[in-house]
>>> print(open('model_26.csv').read())   # CSV, C-alpha atoms
chain,number,residue,atom,x,y,z
M,1,MET,CA,0.0,0.0,0.0
M,2,ALA,CA,1.5,3.3,-1.1
M,3,GLY,CA,-0.6,5.2,1.3
M,4,PRO,CA,-2.2,8.7,1.1
M,5,ILE,CA,-0.4,11.9,0.3
M,6,ILE,CA,-0.8,15.4,1.7
M,7,ARG,CA,-1.6,18.3,-0.6
M,8,THR,CA,-1.6,21.9,0.4
M,9,TYR,CA,-4.1,24.2,-1.4
M,10,LYS,CA,-4.1,28.0,-1.6
M,11,ALA,CA,-7.2,30.1,-0.9
M,12,GLY,CA,-9.7,29.9,-3.7
M,13,SER,CA,-8.3,26.7,-5.1
M,14,ILE,CA,-10.7,24.1,-6.6
M,15,VAL,CA,-10.1,20.6,-5.3
M,16,TYR,CA,-12.5,19.3,-8.0
M,17,PHE,CA,-15.4,20.6,-10.1
M,18,GLU,CA,-18.9,19.2,-10.4
M,19,LYS,CA,-19.0,16.6,-13.2
M,20,ASP,CA,-15.2,15.9,-13.0
M,21,ARG,CA,-14.3,12.2,-13.3
M,22,ALA,CA,-11.7,11.1,-10.7
M,23,GLU,CA,-11.2,8.4,-8.1
M,24,ASP,CA,-9.4,10.4,-5.4
M,25,ILE,CA,-10.9,10.4,-1.9
M,26,TYR,CA,-10.1,13.3,0.4
M,27,VAL,CA,-9.8,14.0,4.2
M,28,LEU,CA,-9.7,17.6,5.4
M,29,GLN,CA,-6.7,17.9,7.8
M,30,ASN,CA,-6.9,21.6,8.4
M,31,GLY,CA,-8.3,24.8,6.9
M,32,ARG,CA,-11.7,25.1,5.3
M,33,VAL,CA,-13.4,23.5,2.2
M,34,ILE,CA,-16.8,24.3,0.9
M,35,LEU,CA,-18.9,21.9,-1.2
M,36,THR,CA,-21.4,23.6,-3.6
M,37,TYR,CA,-24.2,21.7,-5.3
M,38,MET,CA,-27.8,22.1,-6.5
M,39,SER,CA,-30.8,20.9,-4.5
M,40,VAL,CA,-32.6,17.7,-5.7
M,41,ASP,CA,-35.3,19.9,-7.3
M,42,SER,CA,-32.6,22.1,-8.9
M,43,LYS,CA,-34.2,25.2,-7.4
M,44,MET,CA,-31.4,26.4,-5.1
M,45,GLU,CA,-27.7,26.2,-4.6
M,46,ILE,CA,-26.5,24.6,-1.4
M,47,LYS,CA,-23.2,25.3,0.3
M,48,GLU,CA,-21.8,23.0,2.9
M,49,ASP,CA,-18.7,23.1,5.1
M,50,VAL,CA,-16.5,20.0,5.3
M,51,LYS,CA,-15.6,19.3,8.9
M,52,LEU,CA,-12.0,18.7,10.0
M,53,GLY,CA,-11.2,15.0,9.8
M,54,GLU,CA,-14.1,14.3,7.4
M,55,PHE,CA,-14.0,12.3,4.2
M,56,PHE,CA,-15.4,13.9,1.0
M,57,GLY,CA,-15.6,12.8,-2.6
M,58,VAL,CA,-16.3,9.2,-1.4
M,59,LYS,CA,-19.5,8.3,-3.2
M,60,SER,CA,-18.5,9.4,-6.6
M,61,ALA,CA,-15.1,7.7,-6.3
M,62,LEU,CA,-16.5,4.4,-5.1
M,63,GLY,CA,-19.3,4.6,-7.7
M,64,ARG,CA,-17.0,5.7,-10.4
M,65,TYR,CA,-19.4,8.4,-11.6
M,66,PRO,CA,-18.9,12.2,-12.0
M,67,ARG,CA,-18.6,14.4,-9.0
M,68,GLU,CA,-21.9,15.8,-7.8
M,69,GLU,CA,-20.5,18.9,-6.2
M,70,THR,CA,-17.7,21.4,-6.5
M,71,ALA,CA,-15.1,21.4,-3.7
M,72,GLN,CA,-13.4,24.8,-3.1
M,73,VAL,CA,-10.8,25.8,-0.6
M,74,ILE,CA,-11.5,28.9,1.5
M,75,GLY,CA,-8.4,30.5,3.1
M,76,GLY,CA,-6.0,27.6,2.4
M,77,ALA,CA,-6.1,24.0,3.5
M,78,SER,CA,-4.1,20.8,3.9
M,79,ILE,CA,-5.9,17.7,2.6
M,80,LEU,CA,-5.1,14.0,2.8
M,81,VAL,CA,-5.6,12.4,-0.6
M,82,PHE,CA,-6.3,8.6,-1.1
M,83,LYS,CA,-6.2,6.8,-4.3
M,84,LEU,CA,-9.2,4.5,-4.6
M,85,ALA,CA,-7.1,1.3,-4.2
M,86,ASP,CA,-5.3,2.7,-1.1
M,87,PHE,CA,-8.6,3.8,0.4
M,88,GLU,CA,-10.1,0.3,0.0
M,89,VAL,CA,-7.1,-1.2,1.7
M,90,PHE,CA,-7.3,1.4,4.5
M,91,VAL,CA,-10.9,0.6,5.4
M,92,ALA,CA,-10.8,-3.1,4.7
M,93,ASN,CA,-10.2,-4.1,8.3
M,94,LYS,CA,-12.1,-1.2,9.9
M,95,THR,CA,-15.5,-2.7,10.4
M,96,HIS,CA,-16.8,0.2,12.5
M,97,LEU,CA,-15.9,2.7,9.8
M,98,ILE,CA,-17.5,0.6,7.0
M,99,LEU,CA,-20.8,0.3,9.0
M,100,LYS,CA,-20.8,4.0,9.7
M,101,MET,CA,-20.4,4.7,6.0
M,102,MET,CA,-23.2,2.3,5.1
M,103,LYS,CA,-25.4,3.9,7.7
M,104,VAL,CA,-24.7,7.4,6.3
M,105,PHE,CA,-25.2,6.3,2.7
M,106,SER,CA,-28.4,4.5,3.4
M,107,SER,CA,-29.7,7.5,5.5
M,108,GLN,CA,-28.9,9.9,2.7
M,109,LEU,CA,-30.7,7.7,0.1
M,110,ARG,CA,-33.7,7.6,2.4
M,111,GLN,CA,-33.6,11.4,2.6
M,112,ILE,CA,-33.4,11.8,-1.2
M,113,HIS,CA,-36.3,9.3,-1.6
M,114,GLY,CA,-38.4,11.2,1.0
M,115,LYS,CA,-37.7,14.5,-0.7
M,116,VAL,CA,-38.7,13.2,-4.1
M,117,ARG,CA,-41.9,11.7,-2.7
M,118,GLU,CA,-42.6,15.0,-1.0
M,119,ASN,CA,-42.2,16.8,-4.3
M,120,LEU,CA,-44.5,14.3,-6.0
M,121,GLY,CA,-47.1,14.7,-3.2
M,122,GLN,CA,-46.5,11.2,-2.0
M,123,PHE,CA,-46.1,10.1,1.6
M,124,GLY,CA,-45.6,6.8,3.3
M,125,ASP,CA,-43.6,4.7,5.7
M,126,GLN,CA,-39.9,4.5,5.3
M,127,LYS,CA,-37.9,1.4,6.1
M,128,SER,CA,-36.5,1.1,9.6
M,129,PRO,CA,-32.8,1.1,10.7
M,130,ALA,CA,-33.4,-2.6,11.7
M,131,PHE,CA,-34.2,-3.6,8.2
M,132,GLU,CA,-31.3,-1.6,6.8
M,133,LEU,CA,-28.8,-3.1,9.3
M,134,MET,CA,-30.0,-6.6,8.4
M,135,ASN,CA,-29.7,-5.7,4.7
M,136,VAL,CA,-26.1,-4.5,5.2
M,137,ALA,CA,-25.2,-7.8,6.9
M,138,GLU,CA,-26.6,-9.9,4.1
M,139,VAL,CA,-24.8,-7.8,1.5
M,140,PHE,CA,-21.5,-8.6,3.3
M,141,HIS,CA,-22.5,-12.3,3.4
M,142,LYS,CA,-23.4,-12.5,-0.2
M,143,THR,CA,-20.1,-11.0,-1.3
M,144,GLY,CA,-18.1,-13.4,0.9
M,145,ASN,CA,-17.1,-10.9,3.5
M,146,PHE,CA,-17.9,-13.3,6.4
M,147,GLU,CA,-16.2,-11.4,9.2
M,148,HIS,CA,-18.1,-8.2,8.5
M,149,ALA,CA,-21.3,-10.2,8.0
M,150,VAL,CA,-21.1,-11.9,11.4
M,151,TYR,CA,-20.3,-8.6,13.0
M,152,ALA,CA,-23.4,-6.9,11.4
M,153,TYR,CA,-25.7,-9.9,12.2
M,154,ASN,CA,-24.6,-9.7,15.9
M,155,LYS,CA,-25.1,-6.0,15.9
M,156,TYR,CA,-28.7,-6.6,14.7
M,157,LEU,CA,-29.3,-9.1,17.4
M,158,ALA,CA,-27.8,-6.8,20.1
M,159,HIS,CA,-30.0,-3.8,19.0
M,160,TYR,CA,-33.1,-5.7,18.0
M,161,PRO,CA,-33.2,-9.0,20.0
M,162,GLY,CA,-37.0,-9.3,19.5
M,163,GLY,CA,-37.0,-7.8,16.0
M,164,PRO,CA,-38.7,-9.4,13.0
M,165,TYR,CA,-35.4,-10.7,11.6
M,166,ALA,CA,-33.9,-12.1,14.8
M,167,GLY,CA,-34.3,-15.8,13.9
M,168,ARG,CA,-33.0,-15.1,10.4
M,169,ALA,CA,-30.0,-13.2,11.8
M,170,GLN,CA,-29.2,-16.0,14.2
M,171,GLU,CA,-29.3,-18.7,11.5
M,172,LEU,CA,-27.2,-16.6,9.0
M,173,ALA,CA,-24.7,-15.6,11.6
M,174,LYS,CA,-24.0,-19.3,12.3
M,175,ILE,CA,-23.6,-19.9,8.6
M,176,ALA,CA,-21.3,-16.9,8.1
M,177,SER,CA,-19.2,-17.9,11.1
M,178,ARG,CA,-18.3,-21.1,9.3
M,179,SER,CA,-17.2,-19.1,6.3
M,180,SER,CA,-20.1,-20.6,4.3
M,181,MET,CA,-21.8,-18.6,1.5
M,182,PHE,CA,-25.3,-17.2,1.8
M,183,PRO,CA,-27.7,-20.1,1.3
M,184,MET,CA,-29.3,-20.2,-2.2
M,185,ASN,CA,-32.6,-21.3,-0.8
M,186,MET,CA,-32.9,-18.5,1.7
M,187,PRO,CA,-36.0,-16.3,0.8
M,188,GLU,CA,-35.3,-12.7,-0.1
M,189,LEU,CA,-35.2,-10.2,2.8
M,190,VAL,CA,-38.7,-8.5,2.9
M,191,TYR,CA,-39.4,-5.3,4.9
M,192,GLU,CA,-41.7,-5.9,7.8
M,193,MET,CA,-43.1,-3.0,9.8
M,194,GLU,CA,-42.2,-3.4,13.4
M,195,ARG,CA,-45.2,-3.2,15.8
M,196,ARG,CA,-44.9,-0.4,18.3
M,197,SER,CA,-47.3,1.5,20.5
M,198,GLU,CA,-46.2,4.8,18.9
M,199,PRO,CA,-47.0,5.5,15.2
M,200,PRO,CA,-44.1,4.8,12.7
M,201,ARG,CA,-41.7,7.7,12.7
M,202,PRO,CA,-41.3,9.7,9.5
M,203,THR,CA,-37.9,10.3,7.9
M,204,PRO,CA,-36.6,13.7,9.0
M,205,THR,CA,-36.2,16.3,6.3
M,206,VAL,CA,-32.6,17.4,5.8
M,207,SER,CA,-30.6,19.4,3.3
M,208,PRO,CA,-32.3,19.2,-0.1
M,209,ASN,CA,-29.7,17.0,-1.8
M,210,PRO,CA,-27.9,14.9,0.9
M,211,ALA,CA,-26.4,12.6,-1.8
M,212,ALA,CA,-24.0,15.5,-2.8
M,213,THR,CA,-22.9,16.2,0.8
M,214,SER,CA,-19.7,15.0,2.3
M,215,THR,CA,-19.7,11.7,4.2
M,216,ARG,CA,-20.2,12.7,7.8
M,217,ILE,CA,-17.7,10.3,9.3
M,218,GLN,CA,-14.7,11.5,11.2
M,219,ALA,CA,-11.7,9.7,9.7
M,220,LEU,CA,-9.2,11.0,12.1
M,221,GLY,CA,-11.4,11.2,15.2
M,222,THR,CA,-14.6,9.9,16.8
M,223,ASP,CA,-16.9,12.9,16.6
M,224,LEU,CA,-20.2,12.2,14.7
M,225,SER,CA,-22.4,14.7,12.8
M,226,ILE,CA,-25.9,15.7,13.9
M,227,VAL,CA,-27.4,13.3,11.4
M,228,ASP,CA,-25.4,10.4,12.6
M,229,SER,CA,-25.8,11.3,16.3
M,230,VAL,CA,-29.6,11.4,15.9
M,231,THR,CA,-29.5,8.0,14.0
M,232,GLU,CA,-27.5,6.5,16.9
M,233,ALA,CA,-30.0,7.9,19.4
M,234,ASP,CA,-33.0,6.6,17.4
M,235,ASP,CA,-31.5,3.1,17.3
M,236,SER,CA,-31.3,3.0,21.1
M,237,TYR,CA,-34.9,4.3,21.4
M,238,GLU,CA,-36.3,1.8,18.9
M,239,SER,CA,-34.5,-1.1,20.6
M,240,GLY,CA,-36.0,-0.1,23.9
M,241,ASP,CA,-32.8,1.1,25.6
M,242,PHE,CA,-34.4,4.4,26.7
M,243,GLN,CA,-31.6,5.4,29.1
M,244,ALA,CA,-29.1,5.1,26.3
M,245,ALA,CA,-31.4,7.1,24.0
M,246,LEU,CA,-31.8,9.8,26.7
M,247,ASN,CA,-28.0,10.1,27.1
M,248,ALA,CA,-27.6,10.2,23.3
M,249,TYR,CA,-30.3,12.8,22.6
M,250,LYS,CA,-29.2,15.1,25.5
M,251,PRO,CA,-26.1,16.7,23.9
M,252,LEU,CA,-28.0,17.4,20.7
M,253,LEU,CA,-30.3,19.8,22.6
M,254,THR,CA,-27.4,22.3,22.8
M,255,MET,CA,-25.7,21.5,19.5
M,256,PRO,CA,-25.8,24.4,17.1
M,257,PRO,CA,-27.1,23.6,13.6
M,258,VAL,CA,-24.3,23.4,10.9
M,259,SER,CA,-26.2,22.7,7.7
M,260,PRO,CA,-29.6,24.1,6.6
M,261,GLY,CA,-31.5,20.9,7.4
M,262,ASP,CA,-30.0,20.3,10.9
M,263,ASP,CA,-32.8,22.1,12.6
M,264,LYS,CA,-35.2,19.2,11.8
M,265,TYR,CA,-32.8,16.7,13.5
M,266,ILE,CA,-32.5,18.9,16.6
M,267,GLU,CA,-36.3,19.3,16.7
M,268,ARG,CA,-36.5,15.5,16.6
M,269,ALA,CA,-34.0,15.2,19.4
M,270,TYR,CA,-36.1,17.5,21.6
M,271,PHE,CA,-39.2,15.4,21.1
M,272,PHE,CA,-37.6,12.0,21.7
M,273,TYR,CA,-35.6,13.3,24.6
M,274,GLY,CA,-38.9,13.9,26.3
M,275,MET,CA,-40.3,10.6,25.1
M,276,SER,CA,-37.3,8.7,26.5
M,277,GLN,CA,-38.0,10.3,29.9
M,278,LEU,CA,-41.7,9.3,29.5
M,279,LYS,CA,-40.7,5.7,28.7
M,280,LEU,CA,-38.5,5.7,31.9
M,281,GLU,CA,-41.5,7.0,33.8
M,282,GLN,CA,-39.7,10.2,34.8
M,283,TRP,CA,-43.0,12.0,34.8
M,284,ASP,CA,-41.9,15.5,35.9
M,285,ALA,CA,-38.9,15.6,33.6
M,286,ALA,CA,-40.9,14.3,30.7
M,287,TYR,CA,-43.6,16.9,31.2
M,288,GLY,CA,-41.0,19.7,31.3
M,289,SER,CA,-39.2,18.4,28.2
M,290,LEU,CA,-42.3,17.8,26.1
M,291,SER,CA,-43.7,21.3,27.1
M,292,ALA,CA,-40.3,22.8,26.1
M,293,TYR,CA,-40.7,21.1,22.7
M,294,VAL,CA,-44.1,22.6,22.2
M,295,LYS,CA,-43.0,26.0,23.2
M,296,LYS,CA,-39.8,25.9,21.0
M,297,TYR,CA,-41.5,24.3,18.0
M,298,PRO,CA,-45.1,25.5,18.0
M,299,LYS,CA,-45.5,24.5,14.4
M,300,GLY,CA,-43.4,21.4,14.7
M,301,GLU,CA,-44.4,18.2,13.0
M,302,ARG,CA,-44.9,16.4,16.4
M,303,VAL,CA,-46.7,19.1,18.4
M,304,LYS,CA,-50.0,17.2,18.4
M,305,GLU,CA,-48.3,14.0,19.5
M,306,ALA,CA,-46.4,15.9,22.2
M,307,ILE,CA,-49.6,17.4,23.6
M,308,TYR,CA,-51.3,14.0,23.6
M,309,ASN,CA,-48.3,12.6,25.6
M,310,LEU,CA,-48.5,15.6,28.0
M,311,GLY,CA,-52.0,14.4,28.7
M,312,PHE,CA,-50.7,10.9,29.3
M,313,VAL,CA,-48.1,12.2,31.7
M,314,SER,CA,-50.6,14.3,33.6
M,315,GLU,CA,-52.9,11.3,33.9
M,316,SER,CA,-50.0,9.2,35.1
M,317,LYS,CA,-49.3,11.8,37.8
M,318,GLY,CA,-52.9,11.7,38.9
M,319,GLU,CA,-53.8,15.1,37.4
M,320,LYS,CA,-57.1,14.0,35.8
M,321,ASP,CA,-58.5,17.5,35.0
M,322,LYS,CA,-55.2,18.6,33.4
M,323,ALA,CA,-55.1,15.4,31.4
M,324,ILE,CA,-58.7,16.0,30.1
M,325,MET,CA,-57.8,19.6,29.2
M,326,LEU,CA,-54.8,18.5,27.2
M,327,TYR,CA,-56.7,15.7,25.4
M,328,LYS,CA,-59.3,18.3,24.4
M,329,LYS,CA,-56.5,20.5,23.1
M,330,VAL,CA,-55.4,17.6,20.9
M,331,THR,CA,-59.0,17.1,19.5
M,332,SER,CA,-59.1,20.8,18.5
M,333,LEU,CA,-55.9,20.6,16.4
M,334,PRO,CA,-56.1,19.7,12.7
M,335,PRO,CA,-56.0,17.4,11.0
M,336,THR,CA,-58.3,14.7,12.3
M,337,ASP,CA,-56.0,11.7,12.8
M,338,GLU,CA,-55.2,8.8,15.1
M,339,PHE,CA,-54.3,11.2,17.9
M,340,THR,CA,-57.7,12.9,17.6
M,341,SER,CA,-59.3,9.4,18.0
M,342,LYS,CA,-57.1,8.4,20.8
M,343,ALA,CA,-57.7,11.7,22.7
M,344,ASN,CA,-61.5,11.4,22.3
M,345,SER,CA,-61.3,7.8,23.7
M,346,GLU,CA,-59.3,9.1,26.7
M,347,ILE,CA,-61.7,11.9,27.3
M,348,ALA,CA,-64.6,9.5,27.3
M,349,ARG,CA,-62.8,7.1,29.6
M,350,LEU,CA,-62.0,9.8,32.1
M,351,GLY,CA,-65.6,11.1,32.0
M,352,GLY,CA,-64.6,14.5,30.5
>>> encode(input="model_26.csv", output="structure tokens")
Amino acid sequence: MAGPIIRTYKAGSIVYFEKDRAEDIYVLQNGRVILTYMSVDSKMEIKEDVKLGEFFGVKSALGRYPREETAQVIGGASILVFKLADFEVFVANKTHLILKMMKVFSSQLRQIHGKVRENLGQFGDQKSPAFELMNVAEVFHKTGNFEHAVYAYNKYLAHYPGGPYAGRAQELAKIASRSSMFPMNMPELVYEMERRSEPPRPTPTVSPNPAATSTRIQALGTDLSIVDSVTEADDSYESGDFQAALNAYKPLLTMPPVSPGDDKYIERAYFFYGMSQLKLEQWDAAYGSLSAYVKKYPKGERVKEAIYNLGFVSESKGEKDKAIMLYKKVTSLPPTDEFTSKANSEIARLGG
């Protein structure tokens, strides 16, 4: 392995232009680099800062397609440059880095899909992190990467021990641990909606063209982006580890937004921070957090759900009249949906 080289760029230099064809992959060591690209609907130009220690140019290099953005140096910079072959050797034995990349890429694809569906006026459920982690494990297995496949299967079992693919993961993990190929008679992986008491969560809206953004993985450190941090917290919440979720959401509440779409992720963190407290039956703390969410995001996408859960918390604390008042507030908010029905049922049950 020849290894990466370090290049020094002057202010205003272009690292690469949109539509360039090249296989170099970059890591920002110091200085500042801006990525410029068009939104998915081509209506606006987006500019994004590359963080120190962050890869960029990864997807176009790995996919061998033209660059989707222009990378320009602001004020000078030192950049670590990998040739594609060197990069593949560098990450070959770094399972944690591969899984983070897979998670980022799949998250970005979901975000693009969600944006396209929104532009077309279509809405619907998105596939869960559980499905995507299982899919990653099976891709490793089918390509003969048995060590990474076993690692990913075991991660699925650790995060989702009662998940819809737990039996499948156990069986395939045993096969992969023997360095045996993916069985030809195994049925294709099919998405199954997990059953929860809460409604399925929608995909957060982020910057209009996340496919063109840099890969938010710290190559030279362990710091994660807002997007990746929320994803990690969501994984803990969905697997039922509410204390871990609480700890993961908490630092996001004071994290300043970096990219235009980060506000949506921080809003999500505010809501699920309160919901994690609710799940842990920390009633006073949950009431305070969910109230803070409603005050901070009065037009947020989960305001109605938050008020419904404030009613639930009040009822759990023995505050019947307050609970009825909050449930009635839910019924007054448009549109008429499942929370309207649930609130009406609670009002009738409480004799309100």
>>> closest_residue(input="model_26.csv", among="M:Ala130, M:Thr336, M:Val294, M:Tyr151", to="M:Glu238", atoms="only C-alpha atoms")
M:Ala130
>>> residues_around(input="model_26.csv", residues="M:Pro183", least_positions_apart="2", cutoff="12 Å", atoms="only C-alpha atoms", output="PyMOL selection string")
chain M and resi 138+141-142+144+168+171-176+179-181+185-188
>>> write_last_selection(input="model_26.csv", atoms="C-alpha atoms", output="compact mmCIF listing (two decimals), in the frame of the given file")
# COMPACT_ATOMS: atom_id res chain seq x y z
CA GLU M 138 -26.60 -9.90 4.10
CA HIS M 141 -22.50 -12.30 3.40
CA LYS M 142 -23.40 -12.50 -0.20
CA GLY M 144 -18.10 -13.40 0.90
CA ARG M 168 -33.00 -15.10 10.40
CA GLU M 171 -29.30 -18.70 11.50
CA LEU M 172 -27.20 -16.60 9.00
CA ALA M 173 -24.70 -15.60 11.60
CA LYS M 174 -24.00 -19.30 12.30
CA ILE M 175 -23.60 -19.90 8.60
CA ALA M 176 -21.30 -16.90 8.10
CA SER M 179 -17.20 -19.10 6.30
CA SER M 180 -20.10 -20.60 4.30
CA MET M 181 -21.80 -18.60 1.50
CA ASN M 185 -32.60 -21.30 -0.80
CA MET M 186 -32.90 -18.50 1.70
CA PRO M 187 -36.00 -16.30 0.80
CA GLU M 188 -35.30 -12.70 -0.10
>>> atom_distance(input="model_26.csv", atom1="atom CA of M:Leu326", atom2="atom CA of M:Leu253")
25.0 Å
>>> residues_near_point(input="model_26.csv", point="(-20.7, -6.1, 6.2)", cutoff="12 Å", atoms="only C-alpha atoms", output="mmCIF file with C-alpha atoms, in the frame of the given file")
data_model
loop_
_atom_site.group_PDB
_atom_site.id
_atom_site.type_symbol
_atom_site.label_atom_id
_atom_site.label_comp_id
_atom_site.auth_asym_id
_atom_site.auth_seq_id
_atom_site.Cartn_x
_atom_site.Cartn_y
_atom_site.Cartn_z
ATOM 1 C CA VAL M 91 -10.900 0.600 5.400
ATOM 2 C CA ALA M 92 -10.800 -3.100 4.700
ATOM 3 C CA ASN M 93 -10.200 -4.100 8.300
ATOM 4 C CA LYS M 94 -12.100 -1.200 9.900
ATOM 5 C CA THR M 95 -15.500 -2.700 10.400
ATOM 6 C CA HIS M 96 -16.800 0.200 12.500
ATOM 7 C CA LEU M 97 -15.900 2.700 9.800
ATOM 8 C CA ILE M 98 -17.500 0.600 7.000
ATOM 9 C CA LEU M 99 -20.800 0.300 9.000
ATOM 10 C CA LYS M 100 -20.800 4.000 9.700
ATOM 11 C CA MET M 101 -20.400 4.700 6.000
ATOM 12 C CA MET M 102 -23.200 2.300 5.100
ATOM 13 C CA LYS M 103 -25.400 3.900 7.700
ATOM 14 C CA GLU M 132 -31.300 -1.600 6.800
ATOM 15 C CA LEU M 133 -28.800 -3.100 9.300
ATOM 16 C CA MET M 134 -30.000 -6.600 8.400
ATOM 17 C CA ASN M 135 -29.700 -5.700 4.700
ATOM 18 C CA VAL M 136 -26.100 -4.500 5.200
ATOM 19 C CA ALA M 137 -25.200 -7.800 6.900
ATOM 20 C CA GLU M 138 -26.600 -9.900 4.100
ATOM 21 C CA VAL M 139 -24.800 -7.800 1.500
ATOM 22 C CA PHE M 140 -21.500 -8.600 3.300
ATOM 23 C CA HIS M 141 -22.500 -12.300 3.400
ATOM 24 C CA LYS M 142 -23.400 -12.500 -0.200
ATOM 25 C CA THR M 143 -20.100 -11.000 -1.300
ATOM 26 C CA GLY M 144 -18.100 -13.400 0.900
ATOM 27 C CA ASN M 145 -17.100 -10.900 3.500
ATOM 28 C CA PHE M 146 -17.900 -13.300 6.400
ATOM 29 C CA GLU M 147 -16.200 -11.400 9.200
ATOM 30 C CA HIS M 148 -18.100 -8.200 8.500
ATOM 31 C CA ALA M 149 -21.300 -10.200 8.000
ATOM 32 C CA VAL M 150 -21.100 -11.900 11.400
ATOM 33 C CA TYR M 151 -20.300 -8.600 13.000
ATOM 34 C CA ALA M 152 -23.400 -6.900 11.400
ATOM 35 C CA TYR M 153 -25.700 -9.900 12.200
ATOM 36 C CA ASN M 154 -24.600 -9.700 15.900
ATOM 37 C CA LYS M 155 -25.100 -6.000 15.900
ATOM 38 C CA TYR M 156 -28.700 -6.600 14.700
ATOM 39 C CA ALA M 173 -24.700 -15.600 11.600
ATOM 40 C CA ALA M 176 -21.300 -16.900 8.100
#
>>> residues_near_point(input="model_26.csv", point="(-31.9, 17.8, 15.4)", cutoff="8 Å", atoms="all atoms listed in the file", output="PDB file with C-alpha atoms, in the coordinates of the input")
ATOM      1  CA  ILE M 226     -25.900  15.700  13.900  1.00  0.00           C
ATOM      2  CA  VAL M 227     -27.400  13.300  11.400  1.00  0.00           C
ATOM      3  CA  VAL M 230     -29.600  11.400  15.900  1.00  0.00           C
ATOM      4  CA  LEU M 252     -28.000  17.400  20.700  1.00  0.00           C
ATOM      5  CA  LEU M 253     -30.300  19.800  22.600  1.00  0.00           C
ATOM      6  CA  PRO M 257     -27.100  23.600  13.600  1.00  0.00           C
ATOM      7  CA  ASP M 262     -30.000  20.300  10.900  1.00  0.00           C
ATOM      8  CA  ASP M 263     -32.800  22.100  12.600  1.00  0.00           C
ATOM      9  CA  LYS M 264     -35.200  19.200  11.800  1.00  0.00           C
ATOM     10  CA  TYR M 265     -32.800  16.700  13.500  1.00  0.00           C
ATOM     11  CA  ILE M 266     -32.500  18.900  16.600  1.00  0.00           C
ATOM     12  CA  GLU M 267     -36.300  19.300  16.700  1.00  0.00           C
ATOM     13  CA  ARG M 268     -36.500  15.500  16.600  1.00  0.00           C
ATOM     14  CA  ALA M 269     -34.000  15.200  19.400  1.00  0.00           C
ATOM     15  CA  TYR M 270     -36.100  17.500  21.600  1.00  0.00           C
TER      16      TYR M 270
END
>>> residues_around(input="model_26.csv", residues="M:Gly352", least_positions_apart="6", cutoff="12 Å", atoms="all atoms listed in the file", output="PyMOL selection string")
chain M and resi 320-328+343-346
>>> closest_residue(input="model_26.csv", among="M:Leu246, M:Lys59, M:Asn30, M:Pro334", to="M:Lys299", atoms="only C-alpha atoms")
M:Pro334
>>> atom_distance(input="model_26.csv", atom1="atom CA of M:Ala11", atom2="atom CA of M:Leu80")
16.7 Å
>>> closest_residue(input="model_26.csv", among="M:Met275, M:Lys329, M:Ala61, M:Tyr308", to="M:Ala85", atoms="all atoms listed in the file")
M:Ala61
>>> atom_distance(input="model_26.csv", atom1="atom CA of M:Glu281", atom2="atom CA of M:Ala166")
28.0 Å
>>> residues_around(input="model_26.csv", residues="M:Leu28", least_positions_apart="5", cutoff="7 Å", atoms="all atoms listed in the file", output="PyMOL selection string")
chain M and resi 52-55+78-80
>>> residues_around(input="model_26.csv", residues="M:Glu23", least_positions_apart="2", cutoff="9 Å", atoms="only C-alpha atoms", output="count of residues only")
13
>>> closest_residue(input="model_26.csv", among="M:Ile347, M:Val50, M:Val313, M:Ile34", to="M:Leu278", atoms="all atoms listed in the file")
M:Val313
>>> closest_residue(input="model_26.csv", among="M:Ser39, M:Tyr273, M:Glu18, M:Ser229", to="M:Ala285", atoms="only C-alpha atoms")
M:Tyr273
>>> closest_residue(input="model_26.csv", among="M:Phe271, M:Arg32, M:Ser276, M:Ile307", to="M:Tyr293", atoms="all atoms listed in the file")
M:Phe271
